[in-house]
file coords-v5.cif (mmCIF, C-alpha atoms and all ligand atoms)
data_coords
loop_
_atom_site.label_atom_id
_atom_site.label_comp_id
_atom_site.auth_asym_id
_atom_site.auth_seq_id
_atom_site.Cartn_x
_atom_site.Cartn_y
_atom_site.Cartn_z
CA MET D 125 28.23 -18.93 7.27
CA ASP D 126 31.43 -17.66 5.59
CA ASP D 127 30.42 -18.68 2.09
CA LEU D 128 27.07 -16.92 2.58
CA ARG D 129 28.83 -13.76 3.71
CA GLU D 130 31.12 -14.00 0.69
CA GLN D 131 28.11 -14.21 -1.61
CA VAL D 132 26.47 -11.21 0.05
CA GLU D 133 29.64 -9.19 -0.42
CA LEU D 134 29.75 -10.26 -4.04
CA LEU D 135 26.13 -9.18 -4.47
CA GLU D 136 26.85 -5.80 -2.92
CA SER D 137 29.97 -5.08 -4.95
CA LYS D 138 29.22 -6.60 -8.36
CA ALA D 139 25.51 -7.11 -8.62
CA ASN D 140 24.05 -3.76 -7.84
CA LEU D 141 21.67 -1.94 -10.11
CA SER D 142 23.45 1.41 -10.18
CA THR D 143 25.12 0.95 -13.57
CA SER D 144 21.88 -0.33 -15.12
CA ILE D 145 20.01 2.65 -13.70
CA GLN D 146 22.62 4.99 -15.18
CA ASP D 147 22.24 3.34 -18.59
CA ILE D 148 18.47 3.59 -18.47
CA GLN D 149 18.79 7.23 -17.49
CA LYS D 150 21.03 7.74 -20.56
CA ALA D 151 18.36 6.17 -22.76
CA ILE D 152 15.68 8.41 -21.23
CA ASP D 153 17.89 11.46 -21.77
CA LEU D 154 18.34 10.53 -25.43
CA LEU D 155 14.56 10.29 -25.86
CA THR D 156 13.78 13.56 -24.11
CA THR D 157 16.42 15.50 -26.07
CA ALA D 158 15.01 14.09 -29.31
CA ARG D 159 11.46 15.01 -28.28
CA ALA D 160 12.51 18.56 -27.44
CA LYS D 161 14.29 18.87 -30.81
CA ILE D 162 11.26 17.67 -32.76
CA ALA D 163 8.89 19.87 -30.74
CA ALA D 164 11.06 22.91 -31.54
CA ASP D 165 11.18 22.14 -35.26
CA PRO D 166 8.83 19.38 -36.52
CA HIS D 167 10.64 19.29 -39.90
CA THR D 168 13.64 17.65 -38.26
CA ALA D 169 11.54 14.69 -37.10
CA PRO D 170 12.69 12.10 -39.70
CA ILE D 171 16.37 12.85 -39.35
CA THR D 172 16.24 13.13 -35.55
CA LEU D 173 14.48 9.78 -35.28
CA ALA D 174 16.92 8.14 -37.67
CA LYS D 175 19.84 9.50 -35.69
CA LEU D 176 18.28 8.33 -32.45
CA GLN D 177 17.93 4.69 -33.45
CA SER D 178 21.44 3.38 -33.12
CA PRO D 179 22.52 5.12 -29.87
CA PHE D 180 19.20 4.23 -28.24
CA LYS D 181 19.56 0.57 -29.17
CA GLN D 182 23.11 0.67 -27.86
CA ALA D 183 21.97 2.17 -24.52
CA LEU D 184 19.34 -0.53 -24.00
CA LYS D 185 21.81 -3.27 -24.89
CA GLN D 186 24.27 -1.82 -22.41
CA ALA D 187 21.59 -1.81 -19.68
CA ASN D 188 20.81 -5.46 -20.41
CA ASP D 189 24.47 -6.43 -20.38
CA ASP D 190 24.89 -4.76 -16.99
CA LEU D 191 22.07 -6.89 -15.62
CA LYS D 192 23.83 -10.16 -16.47
CA PRO D 193 26.18 -10.19 -13.42
CA VAL D 194 23.16 -9.31 -11.25
CA TYR D 195 21.27 -12.38 -12.46
CA SER D 196 24.27 -14.66 -12.13
CA SER D 197 25.14 -13.45 -8.60
CA LEU D 198 21.52 -13.77 -7.48
CA GLY D 199 21.48 -17.33 -8.82
CA LYS D 200 24.71 -18.18 -6.98
CA TYR D 201 23.38 -16.62 -3.79
CA GLY D 202 20.19 -18.64 -4.02
CA LYS D 203 22.22 -21.83 -4.47
CA ALA D 204 24.44 -20.95 -1.47
CA LEU D 205 21.31 -20.35 0.64
CA ASP D 206 19.77 -23.68 -0.40
CA LYS D 207 23.01 -25.48 0.39
CA LYS D 208 23.35 -23.86 3.79
CA PHE D 209 19.78 -24.52 4.88
CA LYS D 210 19.24 -27.83 3.08
CA ASP D 211 18.13 -29.83 6.10
CA LYS D 212 16.56 -26.99 7.98
CA PRO D 213 12.91 -26.47 7.16
CA LEU D 214 11.36 -23.18 8.15
CA PRO D 215 9.35 -23.46 11.33
CA THR D 216 5.65 -23.89 10.78
CA ALA D 217 3.34 -21.35 12.30
CA GLU D 218 1.48 -23.67 14.63
CA ASN D 219 1.45 -21.03 17.29
CA ASP D 220 0.54 -18.22 14.97
CA ALA D 221 -0.17 -15.16 17.06
CA LEU D 222 0.14 -12.64 14.27
CA SER D 223 -2.63 -13.41 11.76
CA SER D 224 -5.25 -11.94 14.05
CA HIS D 225 -3.49 -8.57 14.13
CA PRO D 226 -2.37 -7.68 10.60
CA GLN D 227 -3.24 -4.02 11.19
CA LEU D 228 -0.92 -3.85 14.15
CA ILE D 229 1.86 -5.45 12.12
CA ASN D 230 1.36 -2.88 9.38
CA ARG D 231 1.44 -0.18 12.02
CA ALA D 232 4.69 -1.55 13.45
CA ILE D 233 6.25 -1.57 9.95
CA ALA D 234 5.09 2.00 9.29
CA MET D 235 6.45 3.19 12.63
CA HIS D 236 9.75 1.42 11.98
CA LEU D 237 10.17 3.08 8.59
CA LEU D 238 9.30 6.51 10.02
CA ARG D 239 11.70 6.26 12.91
CA GLU D 240 14.47 5.02 10.60
CA GLY D 241 13.99 8.20 8.60
CA GLN D 242 12.72 6.32 5.51
CA PHE D 243 9.94 8.87 5.05
CA SER D 244 9.05 8.32 1.41
CA VAL D 245 8.98 4.53 1.78
CA ALA D 246 6.84 4.97 4.89
CA SER D 247 4.32 7.20 3.17
CA THR D 248 4.00 4.79 0.20
CA PHE D 249 3.57 1.90 2.62
CA ILE D 250 0.91 3.69 4.71
CA ASP D 251 -0.91 4.72 1.55
CA GLU D 252 -0.95 1.17 0.13
CA ALA D 253 -1.76 -0.44 3.48
CA SER D 254 -4.82 1.74 3.97
CA ARG D 255 -5.97 1.22 0.39
CA ASN D 256 -5.73 -2.58 0.76
CA PRO D 257 -6.67 -3.25 4.36
CA PRO D 258 -5.65 -6.76 5.49
CA HIS D 259 -8.20 -9.17 6.93
CA PRO D 260 -7.61 -10.38 10.45
CA GLU D 261 -7.95 -14.14 10.90
CA PRO D 262 -8.83 -15.83 14.17
CA THR D 263 -5.95 -17.59 15.93
CA ALA D 264 -5.80 -19.89 18.95
CA SER D 265 -5.13 -17.10 21.40
CA THR D 266 -7.35 -14.53 19.67
CA PRO D 267 -10.48 -16.34 18.44
CA ASN D 268 -12.30 -13.05 17.82
CA PRO D 269 -9.87 -10.71 16.20
CA TYR D 270 -10.89 -7.15 16.76
CA LEU D 271 -9.08 -3.95 17.51
CA ASN D 272 -9.83 -2.22 20.74
CA GLU D 273 -8.04 1.02 21.16
CA SER D 274 -8.19 3.95 18.80
CA TRP D 275 -4.41 3.82 18.29
CA GLU D 276 -4.76 0.19 17.18
CA LYS D 277 -7.22 1.23 14.51
CA ASP D 278 -5.55 4.40 13.36
CA LEU D 279 -3.72 2.87 10.40
CA ALA D 280 -6.91 1.14 9.25
CA THR D 281 -9.09 4.23 9.62
CA GLY D 282 -6.56 6.61 8.11
CA THR D 283 -6.14 8.58 11.33
CA PHE D 284 -2.54 7.43 11.83
CA ASN D 285 -0.73 10.74 12.09
CA SER D 286 2.32 9.96 10.01
CA GLN D 287 2.75 13.58 8.98
CA GLU D 288 3.27 14.68 12.56
CA LEU D 289 5.66 11.79 13.29
CA GLN D 290 7.55 12.47 10.10
CA LEU D 291 8.07 16.10 11.12
CA GLN D 292 9.30 14.98 14.52
CA PHE D 293 11.73 12.42 13.16
CA ALA D 294 12.93 14.80 10.46
CA GLU D 295 13.92 17.14 13.30
CA MET D 296 15.62 14.29 15.12
CA TYR D 297 17.67 13.32 12.07
CA HIS D 298 18.57 16.92 11.37
CA ILE D 299 19.93 17.34 14.91
CA LEU D 300 21.75 13.98 14.74
CA HIS D 301 23.29 14.91 11.40
CA GLU D 302 24.59 18.17 12.86
CA LEU D 303 26.04 16.26 15.82
CA ARG D 304 27.67 13.40 13.95
CA GLN D 305 28.70 14.93 10.66
CA ASN D 306 29.22 18.60 11.47
CA ARG D 307 30.23 18.33 15.13
CA ASN D 308 27.69 21.08 15.77
CA LEU D 309 26.04 20.98 19.18
CA GLY D 310 23.90 24.09 18.64
CA PRO D 311 20.62 22.48 17.48
CA ALA D 312 20.82 19.70 20.11
CA ILE D 313 21.44 22.19 22.93
CA ALA D 314 18.57 24.38 21.72
CA TRP D 315 16.26 21.35 21.63
CA ALA D 316 17.26 20.23 25.13
CA ARG D 317 17.00 23.75 26.55
CA GLN D 318 13.42 24.11 25.27
CA ARG D 319 12.51 20.93 27.14
CA SER D 320 14.75 21.54 30.11
CA ASP D 321 12.02 21.01 32.74
CA THR D 322 10.65 17.82 31.19
CA LEU D 323 14.13 16.36 30.82
CA GLU D 324 15.05 17.23 34.39
CA ALA D 325 11.83 15.68 35.67
CA ARG D 326 12.87 12.48 33.89
CA GLY D 327 16.25 12.60 35.60
CA SER D 328 17.99 13.07 32.25
CA ASN D 329 21.53 14.49 32.07
CA LEU D 330 21.27 15.28 28.37
CA GLU D 331 21.37 19.08 28.55
CA PHE D 332 24.40 19.05 30.81
CA GLU D 333 26.19 16.41 28.75
CA LEU D 334 25.71 18.51 25.61
CA CYS D 335 26.89 21.72 27.28
CA ARG D 336 29.89 19.94 28.80
CA LEU D 337 30.92 18.71 25.36
CA GLN D 338 30.51 22.25 24.05
CA PHE D 339 32.83 23.45 26.83
CA VAL D 340 35.38 20.76 25.93
CA CYS D 341 35.24 21.72 22.24
CA LEU D 342 35.80 25.39 23.03
CA TYR D 343 38.60 24.54 25.46
CA ALA D 344 40.41 22.32 23.00
CA GLY D 345 39.87 24.97 20.33
CA ARG D 346 40.16 22.33 17.65
CA ASP D 347 40.02 23.48 14.10
CA ASP D 348 38.79 21.33 11.25
CA ASP D 349 41.92 19.19 11.24
CA ASP D 350 41.51 18.29 14.90
CA ILE D 351 44.74 20.03 15.81
CA MET D 352 44.87 21.52 19.29
CA ASP D 353 45.10 25.28 19.50
CA GLU D 354 48.32 25.96 21.41
CA SER D 355 47.31 29.36 22.73
CA ALA D 356 45.22 30.10 25.81
CA GLY D 357 42.41 31.34 23.53
CA GLY D 358 40.52 28.05 23.74
CA PRO D 359 40.47 27.78 27.54
CA LEU D 360 39.46 31.45 27.78
CA ARG D 361 36.56 30.91 25.38
CA ALA D 362 35.52 27.86 27.39
CA TRP D 363 35.73 29.91 30.59
CA ALA D 364 33.46 32.58 29.11
CA TYR D 365 31.04 29.88 27.93
CA ALA D 366 30.94 28.29 31.40
CA ARG D 367 30.28 31.66 33.03
CA SER D 368 27.35 32.41 30.78
CA GLU D 369 25.81 28.92 30.48
CA PHE D 370 26.64 26.77 33.51
CA GLY D 371 24.62 28.78 36.05
CA PRO D 372 21.52 26.54 35.92
CA PHE D 373 23.73 23.43 36.34
CA GLN D 374 25.35 24.57 39.58
CA GLY D 375 22.77 22.86 41.77
CA ARG D 376 22.63 19.43 40.20
CA TYR D 377 26.11 19.17 38.69
CA ALA D 378 28.22 21.23 41.10
CA ARG D 379 30.93 18.57 41.25
CA GLU D 380 31.20 18.12 37.50
CA VAL D 381 31.28 21.88 36.93
CA GLN D 382 34.04 22.22 39.54
CA GLN D 383 36.06 19.57 37.75
CA LEU D 384 35.71 21.36 34.43
CA MET D 385 36.82 24.57 36.11
CA GLY D 386 39.75 22.70 37.68
CA ALA D 387 40.88 21.78 34.18
CA MET D 388 41.50 25.48 33.51
CA ALA D 389 44.66 25.26 35.65
CA TYR D 390 46.07 22.60 33.34
CA TRP D 391 45.55 24.38 30.06
CA GLU D 392 49.19 23.95 29.09
CA ASN D 393 49.40 20.22 29.76
CA ILE D 394 45.88 18.87 29.85
CA MET D 395 47.20 15.56 28.44
CA ASP D 396 49.06 14.83 31.70
CA SER D 397 46.32 16.16 33.96
CA PRO D 398 43.67 14.23 35.89
CA TYR D 399 41.10 15.81 33.53
CA ARG D 400 42.43 14.09 30.44
CA ARG D 401 39.40 11.79 30.22
CA TYR D 402 37.03 14.70 29.57
CA PHE D 403 39.14 16.02 26.76
CA TYR D 404 40.22 12.85 25.04
CA ASN D 405 37.13 10.76 24.98
CA GLY D 406 36.82 9.20 21.54
CA SER D 407 33.22 8.14 22.01
CA ALA D 408 31.98 11.49 23.39
CA TRP D 409 30.10 12.43 20.21
CA GLU D 410 28.53 9.03 19.75
CA ASP D 411 27.56 9.02 23.45
CA VAL D 412 25.69 12.32 23.27
CA ALA D 413 24.09 11.29 19.97
CA ALA D 414 22.83 8.08 21.60
CA SER D 415 21.49 9.80 24.69
CA PHE D 416 19.88 12.46 22.52
CA THR D 417 18.11 9.76 20.45
CA ARG D 418 16.95 8.03 23.64
CA GLU D 419 15.51 11.20 25.17
CA PHE D 420 13.96 12.37 21.91
CA CYS D 421 12.14 9.06 21.43
CA SER D 422 11.03 8.79 25.02
CA LEU D 423 9.49 12.27 24.93
CA LEU D 424 7.47 10.97 21.96
CA GLY D 425 6.49 8.01 24.12
CA LEU D 426 8.69 5.65 22.09
CA SER D 427 11.61 3.40 22.99
CA ALA D 428 15.05 4.36 21.71
CA ASP D 429 15.28 1.26 19.48
CA SER D 430 12.67 0.23 16.98
CA PRO D 431 10.42 -2.42 18.60
CA LEU D 432 10.10 -4.15 15.22
CA TYR D 433 13.88 -4.43 14.96
CA ILE D 434 14.13 -5.77 18.51
CA ALA D 435 11.33 -8.29 17.97
CA ALA D 436 12.84 -9.53 14.69
CA THR D 437 16.33 -9.83 16.18
CA ALA D 438 15.09 -11.61 19.31
CA GLY D 439 13.08 -13.90 17.04
CA ALA D 440 16.14 -14.71 14.94
CA ILE D 441 18.10 -15.52 18.11
CA ALA D 442 15.27 -17.75 19.35
CA LEU D 443 14.59 -19.60 16.09
CA PRO D 444 17.33 -22.29 16.31
CA THR D 445 16.24 -23.23 19.84
CA LEU D 446 12.58 -23.34 18.86
CA LEU D 447 13.36 -25.47 15.80
CA LYS D 448 15.29 -27.91 17.96
CA LEU D 449 12.36 -28.05 20.37
CA GLN D 450 9.93 -28.69 17.54
CA ASN D 451 12.03 -31.65 16.38
CA ILE D 452 12.23 -33.09 19.90
CA MET D 453 8.49 -32.74 20.35
CA LYS D 454 7.91 -34.50 17.05
CA GLU D 455 10.20 -37.37 18.02
CA LYS D 456 8.71 -37.78 21.45
CA ARG D 457 5.18 -37.15 20.19
CA THR D 458 4.53 -34.62 22.91
CA GLU D 459 2.74 -31.33 22.67
CA TRP D 460 3.25 -27.91 24.05
CA THR D 461 -0.05 -26.54 25.20
CA THR D 462 0.68 -23.47 27.29
CA GLN D 463 -0.49 -20.41 25.40
CA ASN D 464 1.51 -17.19 25.30
CA GLU D 465 4.49 -18.74 26.98
CA LEU D 466 7.66 -20.23 25.60
CA PRO D 467 8.42 -23.78 26.70
CA VAL D 468 12.17 -23.17 26.99
CA GLU D 469 14.44 -20.41 28.21
CA ILE D 470 15.75 -18.32 25.31
CA PRO D 471 19.02 -16.66 26.28
CA LEU D 472 18.83 -13.09 24.99
CA PRO D 473 21.54 -10.41 25.39
CA PRO D 474 21.12 -8.09 28.43
CA ALA D 475 19.95 -5.19 26.25
CA TYR D 476 16.92 -7.32 25.39
CA HIS D 477 15.80 -7.81 28.99
CA PHE D 478 12.93 -5.41 29.48
CA HIS D 479 10.80 -6.60 32.34
CA SER D 480 12.52 -7.62 35.49
CA ILE D 481 10.66 -10.23 37.43
CA PHE D 482 10.23 -10.33 41.17
CA VAL D 483 10.07 -13.54 43.14
CA CYS D 484 8.76 -13.15 46.68
CA PRO D 485 11.41 -14.32 49.14
CA VAL D 486 8.67 -15.54 51.51
CA SER D 487 6.27 -17.41 49.24
CA LYS D 488 8.84 -18.05 46.44
CA GLU D 489 6.15 -17.08 43.94
CA GLN D 490 6.67 -14.76 40.99
CA SER D 491 4.76 -11.49 41.37
CA THR D 492 1.76 -10.72 39.15
CA ASP D 493 -0.52 -7.72 38.65
CA GLN D 494 -2.87 -9.20 41.25
CA ASN D 495 -0.03 -10.03 43.64
CA PRO D 496 2.48 -7.20 43.14
CA PRO D 497 5.74 -6.66 45.04
CA MET D 498 5.33 -4.37 48.07
CA MET D 499 8.13 -2.46 49.79
CA MET D 500 7.97 -1.97 53.53
CA PRO D 501 9.35 1.21 55.15
CA CYS D 502 12.60 -0.66 55.98
CA GLY D 503 13.20 -1.19 52.25
CA HIS D 504 12.60 -4.94 52.15
CA VAL D 505 10.24 -6.19 49.47
CA ILE D 506 7.78 -9.10 49.61
CA ALA D 507 4.68 -10.01 47.61
CA GLN D 508 1.34 -8.50 48.58
CA GLU D 509 -0.20 -11.85 49.57
CA SER D 510 2.76 -12.61 51.83
CA LEU D 511 2.39 -9.17 53.38
CA GLU D 512 -1.30 -9.82 54.09
CA LYS D 513 -0.61 -13.25 55.55
CA LEU D 514 2.21 -12.02 57.78
CA SER D 515 0.51 -8.89 59.03
CA LYS D 516 -3.15 -9.98 59.25
CA GLY D 517 -3.93 -6.29 58.92
CA ALA D 518 -2.03 -5.21 62.05
CA ARG D 519 1.52 -4.02 62.83
CA PHE D 520 4.04 -6.75 62.10
CA LYS D 521 7.78 -7.39 62.07
CA CYS D 522 9.62 -7.54 58.76
CA PRO D 523 10.76 -11.12 58.11
CA TYR D 524 14.24 -9.85 57.18
CA CYS D 525 15.04 -7.18 59.75
CA PRO D 526 13.84 -6.06 63.16
CA THR D 527 11.78 -3.15 61.82
CA GLU D 528 8.05 -3.17 62.55
CA SER D 529 5.52 -1.54 60.29
CA HIS D 530 1.86 -1.41 59.38
CA PRO D 531 0.76 -3.03 56.08
CA HIS D 532 -0.70 0.22 54.78
CA GLU D 533 2.76 1.81 55.05
CA ALA D 534 4.02 -0.58 52.37
CA LYS D 535 4.33 0.80 48.85
CA LYS D 536 3.64 -1.00 45.61
CA VAL D 537 6.81 -1.53 43.57
CA PHE D 538 6.65 -1.17 39.78
CA LEU D 539 9.24 -3.12 37.83
ZN ZN V 1 12.99 -5.16 56.71
#
call {"tool": "encode", "arguments": {"input": "coords-v5.cif", "output": "structure tokens", "more": "lines below"}}
Ligand SMILES: [Zn+2]
result
Amino acid sequence: MDDLREQVELLESKANLSTSIQDIQKAIDLLTTARAKIAADPHTAPITLAKLQSPFKQALKQANDDLKPVYSSLGKYGKALDKKFKDKPLPTAENDALSSHPQLINRAIAMHLLREGQFSVASTFIDEASRNPPHPEPTASTPNPYLNESWEKDLATGTFNSQELQLQFAEMYHILHELRQNRNLGPAIAWARQRSDTLEARGSNLEFELCRLQFVCLYAGRDDDDIMDESAGGPLRAWAYARSEFGPFQGRYAREVQQLMGAMAYWENIMDSPYRRYFYNGSAWEDVAASFTREFCSLLGLSADSPLYIAATAGAIALPTLLKLQNIMKEKRTEWTTQNELPVEIPLPPAYHFHSIFVCPVSKEQSTDQNPPMMMPCGHVIAQESLEKLSKGARFKCPYCPTESHPHEAKKVFL
């Protein structure tokens, strides 16, 4: 892998197009200046054109020369790739699940570009995708490719509201920029305050986290060079801020607010105080930026990370295992017939575990939509079928504790 990485670094440092683009821009500038000169006084045309020839030729030659290292590095990179993956053929798409849903794939790409803030690329992509609609092809699991829901068709029918999403994400990136680059909490706090009720209903701490960081910033009274203000001015400003802003937090965050107030007593030696962790937390800004992104996306009904990115990464992690499996199946001449299910466990990092599964402790079966987990009043959970079998519709004793209950007191658990 190291030689590949080396080649990529080489490509990034030596073989970029920026110098060529500059040279081409120079050539264009030469042409436009000449055109303006001739337009202003047509008599100068012959001399202007004659004067133009040599520098223009030189500019083009320069641009071509700059491209040479690009070509050579690309060639070397291609060779390194071939060498690295010589005996590793790409997996064949025997279990192709994607050809029947090209519109959805286009939609996923468009959404990814929008949420990454690549607005102009996204709009070109959406434009081209709707001008050249792809043709769904039947696959094993989807013999009749069709799109059901209106949101599935929106990219195809031109009703995909990219403008609205773009506005939303532009706001998100503006707020994130203020947070990360300018250490300015104002726009984020204003955003959270406007949606205070919704955020609280979701159990989010975002608004408090932002205001707490604002308090810490005022307390520390840092100037641009991150030097602590030695006077009591900072703590006093923080005190005033807390008095005017922390009122609504008293109920839910009484303890945290008390701790911040306790820090006031240590204004001269906060470094040695028990409150040090609030004031010297290197990741504080990145933490609030991450929780802001998460809340912003979830209010839009989106996950914090791009699903396309997650799917591609999980796929890249799974590929070596699947390739190995394919080889084994070929050698043993066996087949894998189960649709929509992977034949082997693919170990993915914890952040990629989305749906917890529930196995009923009574029947040892995994729960399904038809047989969901049910929680009895005592807090123990078993599958619905087990509940029905045990209770036979009447009061029954929990298999795991002495509590008795009626089956209709059990609540469905959503994982
Ligand atoms: Zn119980």
call {"tool": "atom_distance", "arguments": {"input": "coords-v5.cif", "atom1": "CA of Asn495 in chain D", "atom2": "CA of Leu539 in chain D"}}
result
12.9 Å
call {"tool": "closest_residue", "arguments": {"input": "coords-v5.cif", "among": "D:Cys502, D:Leu514, D:Gln494, D:Gln508", "to": "ligand ZN 1 (chain V)", "atoms": "only C-alpha atoms and all ligand atoms"}}
result
D:Cys502
call {"tool": "residues_around", "arguments": {"input": "coords-v5.cif", "residues": "Arg307 in chain D", "least_positions_apart": "3", "cutoff": "12 Å", "atoms": "only C-alpha atoms", "output": "JSON, numbers by chain"}}
result
{"D": [299, 300, 301, 302, 303, 304, 310, 311, 312, 334, 337, 338, 341, 342, 346, 347, 348, 350, 408, 409, 410, 412, 413]}
call {"tool": "residues_around", "arguments": {"input": "coords-v5.cif", "residues": "Glu528 in chain D", "least_positions_apart": "3", "cutoff": "9 Å", "atoms": "all atoms listed in the file", "output": "number ranges by chain"}}
result
D: 501-502, 519-522, 525
call {"tool": "closest_atom_pairs", "arguments": {"input": "coords-v5.cif", "of": "chain D", "to": "ligand ZN 1 (chain V)", "cutoff": "7 Å", "atoms": "all atoms listed in the file", "output": "CSV"}}
result
residue,atom,partner,partner_atom,distance
D:Met500,CA,V:ZN1,ZN,6.7
D:Cys502,CA,V:ZN1,ZN,4.6
D:Gly503,CA,V:ZN1,ZN,6.0
D:His504,CA,V:ZN1,ZN,4.6
D:Cys522,CA,V:ZN1,ZN,4.6
D:Pro523,CA,V:ZN1,ZN,6.5
D:Tyr524,CA,V:ZN1,ZN,4.9
D:Cys525,CA,V:ZN1,ZN,4.2
D:Pro526,CA,V:ZN1,ZN,6.6
D:Thr527,CA,V:ZN1,ZN,5.6
call {"tool": "residues_near_point", "arguments": {"input": "coords-v5.cif", "point": "(20.3, -0.8, 26.3)", "cutoff": "9 Å", "atoms": "all atoms listed in the file", "output": "PyMOL selection string"}}
result
chain D and resi 428-429+474-477
call {"tool": "residues_around", "arguments": {"input": "coords-v5.cif", "residues": "Leu198 in chain D", "least_positions_apart": "6", "cutoff": "12 Å", "atoms": "only C-alpha atoms", "output": "PyMOL selection string"}}
result
chain D and resi 128+131-136+138-140+191-192+204-205
call {"tool": "write_last_selection", "arguments": {"input": "coords-v5.cif", "atoms": "C-alpha atoms", "output": "CSV table (one decimal), keeping the file's coordinate frame"}}
result
chain,number,residue,atom,x,y,z
D,128,LEU,CA,27.1,-16.9,2.6
D,131,GLN,CA,28.1,-14.2,-1.6
D,132,VAL,CA,26.5,-11.2,0.0
D,133,GLU,CA,29.6,-9.2,-0.4
D,134,LEU,CA,29.8,-10.3,-4.0
D,135,LEU,CA,26.1,-9.2,-4.5
D,136,GLU,CA,26.8,-5.8,-2.9
D,138,LYS,CA,29.2,-6.6,-8.4
D,139,ALA,CA,25.5,-7.1,-8.6
D,140,ASN,CA,24.0,-3.8,-7.8
D,191,LEU,CA,22.1,-6.9,-15.6
D,192,LYS,CA,23.8,-10.2,-16.5
D,204,ALA,CA,24.4,-21.0,-1.5
D,205,LEU,CA,21.3,-20.4,0.6
call {"tool": "atom_distance", "arguments": {"input": "coords-v5.cif", "atom1": "CA of Arg376 in chain D", "atom2": "CA of Ser397 in chain D"}}
result
24.7 Å
call {"tool": "atom_distance", "arguments": {"input": "coords-v5.cif", "atom1": "CA of Gln149 in chain D", "atom2": "CA of Asp189 in chain D"}}
result
15.1 Å
call {"tool": "closest_residue", "arguments": {"input": "coords-v5.cif", "among": "D:Phe370, D:Lys456, D:Val340, D:Gln177", "to": "Met388 in chain D", "atoms": "all atoms listed in the file"}}
result
D:Val340
